[in-house]
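*Asks:* My structure file model.txt, compact mmCIF, C-alpha atoms and all ligand atoms, is below:
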```txt
# COMPACT_ATOMS: atom_id res chain seq x y z
CA MET A 1 4.45 18.61 22.31
CA LYS A 2 5.03 18.59 18.54
CA TYR A 3 4.53 15.15 17.03
CA GLN A 4 6.90 13.87 14.40
CA ILE A 5 6.90 10.84 12.09
CA THR A 6 9.26 9.52 9.45
CA VAL A 7 8.09 7.69 6.35
CA ALA A 8 10.43 5.14 4.75
CA TRP A 9 9.77 5.47 1.01
CA LEU A 10 11.21 2.24 -0.37
CA TYR A 11 12.77 2.38 -3.84
CA PRO A 12 11.15 5.57 -5.20
CA ASP A 13 13.50 5.41 -8.21
CA LEU A 14 12.20 2.00 -9.28
CA MET A 15 8.89 1.31 -7.55
CA ASN A 16 6.74 4.30 -8.42
CA THR A 17 4.10 4.13 -11.09
CA TYR A 18 0.60 5.44 -11.98
CA GLY A 19 0.92 8.35 -9.56
CA ASP A 20 2.04 6.35 -6.51
CA ARG A 21 4.22 9.23 -5.30
CA GLY A 22 0.98 11.12 -4.66
CA ASN A 23 0.57 8.89 -1.60
CA ILE A 24 3.71 10.38 -0.08
CA ILE A 25 2.51 13.92 -0.82
CA CYS A 26 -0.83 13.06 0.76
CA ILE A 27 0.67 11.69 4.00
CA LYS A 28 2.97 14.68 4.30
CA LYS A 29 0.22 17.22 3.67
CA ARG A 30 -2.26 15.61 6.04
CA CYS A 31 0.41 15.72 8.73
CA GLU A 32 1.33 19.33 8.04
CA TRP A 33 -2.32 20.41 8.13
CA ARG A 34 -2.35 19.06 11.69
CA ASP A 35 0.97 20.58 12.64
CA ILE A 36 2.67 17.16 12.72
CA THR A 37 6.21 17.06 11.33
CA CYS A 38 6.54 14.44 8.61
CA LYS A 39 9.95 13.49 7.27
CA ILE A 40 10.31 11.42 4.12
CA LYS A 41 13.31 9.12 3.81
CA GLU A 42 13.93 8.00 0.24
CA LEU A 43 15.57 4.58 0.35
CA ASN A 44 16.92 3.62 -3.06
CA THR A 45 18.94 0.59 -4.20
CA ASP A 46 21.93 -0.16 -1.96
CA PHE A 47 20.50 1.80 0.97
CA ASP A 48 21.95 1.00 4.37
CA LYS A 49 19.62 -1.21 6.42
CA ARG A 50 20.15 1.04 9.47
CA GLU A 51 18.15 3.72 7.61
CA LEU A 52 15.05 1.75 8.50
CA GLU A 53 15.59 2.40 12.20
CA ASN A 54 13.20 5.00 13.60
CA CYS A 55 10.91 4.87 10.56
CA ASP A 56 7.26 5.02 11.51
CA ILE A 57 5.50 4.24 8.22
CA LEU A 58 6.63 2.02 5.35
CA PHE A 59 5.64 2.81 1.78
CA MET A 60 6.44 1.11 -1.52
CA GLY A 61 4.76 1.76 -4.85
CA GLY A 62 4.20 -0.45 -7.87
CA ALA A 63 6.41 -1.22 -10.85
CA GLN A 64 6.80 -3.55 -13.76
CA ASP A 65 8.41 -6.98 -13.57
CA ARG A 66 11.88 -5.75 -14.55
CA GLN A 67 12.10 -3.30 -11.64
CA GLN A 68 10.70 -5.92 -9.28
CA GLN A 69 13.58 -8.24 -10.20
CA ILE A 70 16.16 -5.54 -9.35
CA VAL A 71 14.51 -4.65 -6.07
CA THR A 72 14.21 -8.29 -5.02
CA LYS A 73 17.97 -8.67 -5.17
CA ASP A 74 18.52 -5.54 -3.09
CA ILE A 75 15.90 -6.15 -0.44
CA LYS A 76 16.43 -9.85 0.27
CA GLY A 77 18.22 -10.88 3.44
CA GLU A 78 18.69 -8.48 6.32
CA LYS A 79 16.62 -5.60 4.92
CA SER A 80 13.73 -7.95 4.34
CA ASN A 81 14.09 -9.38 7.87
CA ILE A 82 13.98 -5.91 9.40
CA ILE A 83 10.90 -5.00 7.37
CA LYS A 84 9.23 -8.25 8.45
CA GLU A 85 9.96 -7.49 12.09
CA MET A 86 8.61 -3.95 11.76
CA ILE A 87 5.41 -5.28 10.20
CA ILE A 88 4.96 -7.89 12.94
CA ASN A 89 5.53 -5.22 15.59
CA GLY A 90 2.70 -3.14 14.12
CA THR A 91 4.49 -0.53 12.03
CA PRO A 92 1.90 0.70 9.54
CA GLY A 93 2.62 0.52 5.85
CA LEU A 94 1.20 0.76 2.37
CA PHE A 95 2.34 -1.59 -0.40
CA ILE A 96 0.91 -1.02 -3.85
CA CYS A 97 0.58 -3.57 -6.64
CA GLY A 98 4.10 -4.88 -7.40
CA ALA A 99 5.10 -4.00 -3.83
CA TYR A 100 2.04 -5.84 -2.51
CA GLN A 101 3.06 -8.89 -4.55
CA PHE A 102 6.49 -8.69 -2.89
CA LEU A 103 5.02 -9.37 0.53
CA GLY A 104 4.01 -12.87 -0.54
CA ASN A 105 5.77 -16.15 -1.26
CA TYR A 106 6.47 -15.74 -4.96
CA TYR A 107 5.48 -13.95 -8.15
CA LYS A 108 5.33 -15.95 -11.35
CA GLU A 109 5.79 -13.80 -14.44
CA SER A 110 3.88 -14.46 -17.68
CA ASP A 111 6.93 -16.18 -19.20
CA GLY A 112 7.02 -18.61 -16.26
CA ALA A 113 10.01 -17.01 -14.50
CA ILE A 114 9.68 -16.96 -10.73
CA ILE A 115 10.52 -13.94 -8.60
CA ASP A 116 11.13 -15.21 -5.09
CA CYS A 117 9.36 -12.78 -2.74
CA LEU A 118 9.77 -11.74 0.88
CA LYS A 119 7.48 -14.43 2.35
CA ILE A 120 6.15 -12.05 4.97
CA LEU A 121 2.54 -12.97 4.19
CA ASP A 122 1.01 -16.24 3.01
CA LEU A 123 -0.02 -15.19 -0.48
CA TYR A 124 1.27 -15.75 -4.00
CA THR A 125 0.83 -14.14 -7.40
CA GLU A 126 0.84 -15.56 -10.90
CA SER A 127 0.54 -13.80 -14.24
CA PRO A 128 -1.28 -15.65 -17.02
CA LYS A 129 0.76 -16.74 -20.06
CA GLU A 130 -0.86 -14.15 -22.30
CA SER A 131 0.98 -11.01 -21.17
CA ASN A 132 -1.73 -8.76 -22.69
CA ASN A 133 -4.32 -10.22 -20.31
CA ARG A 134 -4.14 -7.40 -17.76
CA LEU A 135 -6.71 -6.24 -15.24
CA ILE A 136 -7.12 -2.51 -15.84
CA GLY A 137 -9.54 0.21 -14.80
CA ASP A 138 -11.13 2.12 -11.93
CA ILE A 139 -11.81 -0.02 -8.90
CA ALA A 140 -14.05 0.34 -5.86
CA ILE A 141 -14.06 -1.94 -2.85
CA LYS A 142 -15.99 -2.10 0.38
CA SER A 143 -13.46 -2.21 3.18
CA TYR A 144 -13.64 -2.60 6.96
CA PHE A 145 -10.23 -1.20 7.91
CA LEU A 146 -12.07 1.29 10.15
CA LYS A 147 -13.62 -1.68 11.99
CA ASP A 148 -16.86 0.01 13.10
CA LYS A 149 -18.18 0.99 9.66
CA PRO A 150 -17.51 0.12 6.03
CA TYR A 151 -15.65 2.60 3.82
CA THR A 152 -15.56 2.53 0.04
CA LEU A 153 -12.00 2.61 -1.20
CA ILE A 154 -11.52 3.95 -4.70
CA GLY A 155 -8.49 3.45 -6.91
CA PHE A 156 -7.14 2.53 -10.30
CA GLU A 157 -5.71 -0.91 -11.03
CA ASN A 158 -3.39 -2.10 -13.79
CA HIS A 159 -1.80 -5.49 -13.20
CA GLY A 160 -1.10 -8.77 -14.92
CA GLY A 161 -0.54 -10.70 -11.68
CA ARG A 162 -3.37 -12.54 -9.98
CA THR A 163 -2.93 -12.75 -6.23
CA TYR A 164 -4.32 -15.53 -4.06
CA LEU A 165 -4.46 -15.25 -0.27
CA GLY A 166 -3.76 -18.05 2.20
CA LYS A 167 -6.85 -19.02 4.18
CA ASN A 168 -5.84 -17.20 7.36
CA LEU A 169 -5.38 -13.85 5.67
CA LYS A 170 -7.96 -11.08 5.53
CA PRO A 171 -8.48 -9.15 2.30
CA LEU A 172 -8.58 -5.37 2.49
CA GLY A 173 -12.09 -5.50 1.11
CA LYS A 174 -14.66 -6.91 -1.25
CA VAL A 175 -14.73 -5.75 -4.86
CA VAL A 176 -17.75 -3.64 -5.74
CA SER A 177 -16.48 -2.63 -9.17
CA GLY A 178 -13.32 -3.78 -10.96
CA TYR A 179 -11.16 -6.91 -10.61
CA GLY A 180 -9.16 -6.85 -7.37
CA ASN A 181 -6.76 -9.61 -6.33
CA ASN A 182 -7.47 -12.02 -9.16
CA GLY A 183 -10.74 -11.16 -10.92
CA GLU A 184 -12.31 -14.37 -9.57
CA ASP A 185 -13.01 -14.35 -5.84
CA SER A 186 -14.10 -10.69 -5.32
CA THR A 187 -11.32 -10.04 -2.82
CA GLU A 188 -9.02 -7.04 -3.03
CA GLY A 189 -5.76 -6.44 -1.25
CA ILE A 190 -4.73 -7.50 2.20
CA ILE A 191 -4.86 -6.05 5.69
CA TYR A 192 -2.48 -7.51 8.22
CA LYS A 193 -1.82 -5.76 11.53
CA ASN A 194 -1.31 -2.17 10.32
CA ILE A 195 -0.12 -3.08 6.85
CA ILE A 196 -2.20 -2.52 3.73
CA GLY A 197 -1.42 -4.26 0.46
CA THR A 198 -3.56 -3.22 -2.50
CA TYR A 199 -3.77 -3.14 -6.28
CA SER A 200 -5.08 0.43 -6.10
CA HIS A 201 -2.87 3.01 -7.69
CA GLY A 202 -4.45 6.29 -8.44
CA PRO A 203 -2.80 7.45 -6.14
CA VAL A 204 -4.95 5.70 -3.58
CA LEU A 205 -4.51 7.89 -0.48
CA PRO A 206 -5.73 11.28 -1.77
CA LYS A 207 -8.87 9.52 -3.04
CA ASN A 208 -9.32 7.79 0.31
CA PRO A 209 -8.31 10.24 3.04
CA LYS A 210 -9.55 7.94 5.79
CA LEU A 211 -7.01 5.33 4.70
CA ALA A 212 -4.24 7.95 4.84
CA ASP A 213 -5.35 8.90 8.35
CA PHE A 214 -5.47 5.23 9.38
CA LEU A 215 -1.75 4.96 8.59
CA ILE A 216 -0.83 8.27 10.23
CA GLU A 217 -2.85 7.54 13.36
CA ALA A 218 -1.45 4.02 13.70
CA SER A 219 2.11 5.37 13.53
CA LEU A 220 1.42 8.08 16.12
CA LYS A 221 -0.28 5.62 18.47
CA ILE A 222 2.83 3.46 18.54
CA LYS A 223 5.05 6.44 19.21
CA TYR A 224 2.92 8.62 21.47
CA LYS A 225 0.15 6.28 22.75
CA ASN A 226 -3.25 7.96 23.21
CA ILE A 227 -3.71 9.91 20.01
CA LYS A 228 -6.82 11.08 18.23
CA LEU A 229 -6.25 12.84 14.93
CA LYS A 230 -7.86 16.23 14.37
CA GLU A 231 -10.55 16.20 11.69
CA ILE A 232 -9.66 17.84 8.38
CA ASN A 233 -12.14 19.39 5.99
CA ASP A 234 -12.09 16.86 3.13
CA ILE A 235 -14.58 18.59 0.88
CA LEU A 236 -12.39 18.39 -2.25
CA GLU A 237 -11.44 14.77 -1.60
CA THR A 238 -15.11 13.92 -1.13
CA LYS A 239 -15.98 15.56 -4.46
CA ALA A 240 -13.21 13.56 -6.19
CA ARG A 241 -14.56 10.35 -4.64
CA GLU A 242 -18.10 11.20 -5.70
CA ALA A 243 -17.00 11.90 -9.27
CA ILE A 244 -15.51 8.42 -9.60
CA ALA A 245 -18.40 6.79 -7.78
CA ASN A 246 -20.79 8.44 -10.27
CA ARG A 247 -18.71 7.16 -13.15
CA LEU A 248 -18.89 3.65 -11.71
CA ASP A 249 -22.58 4.08 -10.96
CA LEU A 250 -22.35 3.35 -7.26
CA GLU A 251 -23.18 5.02 -3.97
CA LEU A 252 -20.45 5.87 -1.52
N1 LIG B 1 4.33 -6.42 -12.41
C1 LIG B 1 3.15 -6.51 -11.72
C2 LIG B 1 1.95 -6.93 -12.54
O1 LIG B 1 1.74 -6.51 -13.65
C3 LIG B 1 2.90 -5.22 -10.97
C4 LIG B 1 2.29 -4.09 -11.77
C5 LIG B 1 2.20 -2.82 -11.02
O2 LIG B 1 2.80 -2.65 -9.96
N2 LIG B 1 1.46 -1.87 -11.56
O3 LIG B 1 1.20 -7.72 -12.04
```
Take the structure from the file and write it as structure tokens.
Ligand code: GLN

*Replies:*
Amino acid sequence: MKYQITVAWLYPDLMNTYGDRGNIICIKKRCEWRDITCKIKELNTDFDKRELENCDILFMGGAQDRQQQIVTKDIKGEKSNIIKEMIINGTPGLFICGAYQFLGNYYKESDGAIIDCLKILDLYTESPKESNNRLIGDIAIKSYFLKDKPYTLIGFENHGGRTYLGKNLKPLGKVVSGYGNNGEDSTEGIIYKNIIGTYSHGPVLPKNPKLADFLIEASLKIKYKNIKLKEINDILETKAREAIANRLDLEL
């Protein structure tokens, strides 16, 4: 049997910065290398909510505040309810930076304006008044998304917003180098069911192939039950990871 998945790429025209589209290329390639068909559905402003039916992975990249305001208007209501239901039912997804902020209760911009968010997860984000006070640079975190062993996730962050998690939420990992959610509590991102929220651009998946496979495997398990992904030779990805780890002076 030939496996097939569909990725819902939410708002590629607006939410797509610092190489985030590389995540889509990565998912597609890692499927193709295993002879899995991977369709990408680009869902831009005014898309029909029925397009979300039969999507197996959700992906949304980051953006600046202006784009986030536009997307908020489009996604609120029924689309947001469907996405919430998919997340609760275990659909895997990756939400980067501005998209990650969307999952929470609200995002307060540096001028004090409030963007009302999707309220899917109990977290909120606030930008400090000084809009030049951004958290920028390479980031490494120790993450337990694989459950049995830690994995160092590597990325690049560039955000003004500081995100704070409600006490029942689990961060994606602990910051080893960089700022993470808020630059204060050493947490980075969020993992909830099969959803990952993170400040890591980069793009994050090619630098962290195990995270890409986590999303692919989770989607296939829902659709086809007992699945074990074939190993791929990640020698180039490993070299890329090592290069950044060396720059940050840490061991993988
Ligand atoms: N506007 C958000 C912030 O600066 C998101 C930035 C991004 O997605 N790169 O906090």

*Asks:* May I have the residues within 6 Å of ligand LIG 1 (chain B), computed using only C-alpha atoms and all ligand atoms, as JSON, numbers by chain?

*Replies:* {"A": [62, 63, 64, 65, 97, 98, 158, 159, 160, 161]}

*Asks:* Find the residues around range 137-146 of chain A up to 6 Å (all atoms listed in the file counted), leave out those fewer than 2 positions away in its own chain, and share them as a list in words.

*Replies:*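 The residues that qualify are Asp148, Pro150, Tyr151, Thr152, Leu153, Ile154, Gly155, Phe156, Glu157, Leu172, Gly173, Lys174, Val175, Val176, Ser177 and Gly178 of chain A.
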
*Asks:* Between A:Thr72, A:Asn132, A:Gln4, A:Asn246, which has the minimum distance to Leu118 in chain A (counting only C-alpha atoms)?

*Replies:*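 Checking each of A:Thr72, A:Asn132, A:Gln4, A:Asn246 against Leu118 in chain A, counting only C-alpha atoms, the winner is A:Thr72.
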
*Asks:* With distances taken over only C-alpha atoms, which of A:Lys210, A:Lys108, A:Lys225, A:Arg162 is nearest to Arg30 in chain A?

*Replies:*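 Going through A:Lys210, A:Lys108, A:Lys225, A:Arg162 one by one, the smallest distance to Arg30 in chain A is for A:Lys210.
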
*Asks:* Using Å and a single decimal, report how far CA of Ile232 in chain A sits from CA of Phe214 in chain A.

*Replies:* 13.3 Å

*Asks:* Near range 86-93 of chain A, within 10 Å and counting all atoms listed in the file, which residues show up once chain neighbours fewer than 5 positions away are dropped, as a PDB file with C-alpha atoms, keeping the file's coordinate frame?

*Replies:*
```pdb
ATOM      1  CA  VAL A   7       8.090   7.690   6.350  1.00  0.00           C
ATOM      2  CA  ALA A   8      10.430   5.140   4.750  1.00  0.00           C
ATOM      3  CA  TRP A   9       9.770   5.470   1.010  1.00  0.00           C
ATOM      4  CA  LEU A  52      15.050   1.750   8.500  1.00  0.00           C
ATOM      5  CA  GLU A  53      15.590   2.400  12.200  1.00  0.00           C
ATOM      6  CA  CYS A  55      10.910   4.870  10.560  1.00  0.00           C
ATOM      7  CA  ASP A  56       7.260   5.020  11.510  1.00  0.00           C
ATOM      8  CA  ILE A  57       5.500   4.240   8.220  1.00  0.00           C
ATOM      9  CA  LEU A  58       6.630   2.020   5.350  1.00  0.00           C
ATOM     10  CA  PHE A  59       5.640   2.810   1.780  1.00  0.00           C
ATOM     11  CA  MET A  60       6.440   1.110  -1.520  1.00  0.00           C
ATOM     12  CA  SER A  80      13.730  -7.950   4.340  1.00  0.00           C
ATOM     13  CA  ASN A  81      14.090  -9.380   7.870  1.00  0.00           C
ATOM     14  CA  ILE A 120       6.150 -12.050   4.970  1.00  0.00           C
ATOM     15  CA  ILE A 191      -4.860  -6.050   5.690  1.00  0.00           C
ATOM     16  CA  TYR A 192      -2.480  -7.510   8.220  1.00  0.00           C
ATOM     17  CA  LYS A 193      -1.820  -5.760  11.530  1.00  0.00           C
ATOM     18  CA  ASN A 194      -1.310  -2.170  10.320  1.00  0.00           C
ATOM     19  CA  ILE A 195      -0.120  -3.080   6.850  1.00  0.00           C
ATOM     20  CA  ILE A 196      -2.200  -2.520   3.730  1.00  0.00           C
ATOM     21  CA  GLY A 197      -1.420  -4.260   0.460  1.00  0.00           C
ATOM     22  CA  PHE A 214      -5.470   5.230   9.380  1.00  0.00           C
ATOM     23  CA  LEU A 215      -1.750   4.960   8.590  1.00  0.00           C
ATOM     24  CA  ILE A 216      -0.830   8.270  10.230  1.00  0.00           C
ATOM     25  CA  GLU A 217      -2.850   7.540  13.360  1.00  0.00           C
ATOM     26  CA  ALA A 218      -1.450   4.020  13.700  1.00  0.00           C
ATOM     27  CA  SER A 219       2.110   5.370  13.530  1.00  0.00           C
ATOM     28  CA  LEU A 220       1.420   8.080  16.120  1.00  0.00           C
ATOM     29  CA  ILE A 222       2.830   3.460  18.540  1.00  0.00           C
TER      30      ILE A 222
END
```

*Asks:* Could you please determine the separation between CA of Cys38 in chain A and CA of Lys147 in chain A in Å, to one decimal place?

*Replies:*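 Value for the CA of Cys38 in chain A-CA of Lys147 in chain A distance: 26.0 Å.
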
*Asks:* Find the residues near Glu130 in chain A: any atom within 10 Å, counting only C-alpha atoms, skip ones fewer than 2 places away on the same chain, and give them as a PyMOL selection string.

*Replies:* chain A and resi 110-111+127-128+132-134+160

*Asks:* Write a file of the selected residues as a PDB file, in the coordinates of the input, keeping C-alpha atoms.

*Replies:*
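The resulting file, result-v6.pdb, is shown below:
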```
ATOM      1  CA  SER A 110       3.880 -14.460 -17.680  1.00  0.00           C
ATOM      2  CA  ASP A 111       6.930 -16.180 -19.200  1.00  0.00           C
ATOM      3  CA  SER A 127       0.540 -13.800 -14.240  1.00  0.00           C
ATOM      4  CA  PRO A 128      -1.280 -15.650 -17.020  1.00  0.00           C
ATOM      5  CA  ASN A 132      -1.730  -8.760 -22.690  1.00  0.00           C
ATOM      6  CA  ASN A 133      -4.320 -10.220 -20.310  1.00  0.00           C
ATOM      7  CA  ARG A 134      -4.140  -7.400 -17.760  1.00  0.00           C
ATOM      8  CA  GLY A 160      -1.100  -8.770 -14.920  1.00  0.00           C
TER       9      GLY A 160
END
```

*Asks:* Which residue gives the smallest distance to Ser131 in chain A among A:Glu109, A:Glu231, A:Glu32, A:Asp116, with only C-alpha atoms counted?

*Replies:*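 Of A:Glu109, A:Glu231, A:Glu32, A:Asp116, the one nearest Ser131 in chain A is A:Glu109, counting only C-alpha atoms.
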
*Asks:* Measure the distance from CA of Tyr11 in chain A to CA of Leu43 in chain A in Å and round it to one decimal.

*Replies:*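 A separation of 5.5 Å between them.
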
*Asks:* Restricting the calculation to all atoms listed in the file: of A:Cys117, A:Ile40, A:Leu94, A:Leu236, which residue gets closest to Ile75 in chain A?

*Replies:*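 Ranked by minimum distance to Ile75 in chain A, first place goes to A:Cys117.
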
*Asks:* Please give the centre and size of the box around range 41-52 of chain A (axis-aligned, containing every atom listed in the file, 5 Å added per side), with values in Å to one decimal and written as lines of an AutoDock Vina configuration file.

*Replies:*
```
center_x = 17.6
center_y = 4.0
center_z = 2.6
size_x = 18.6
size_y = 20.3
size_z = 23.7
```
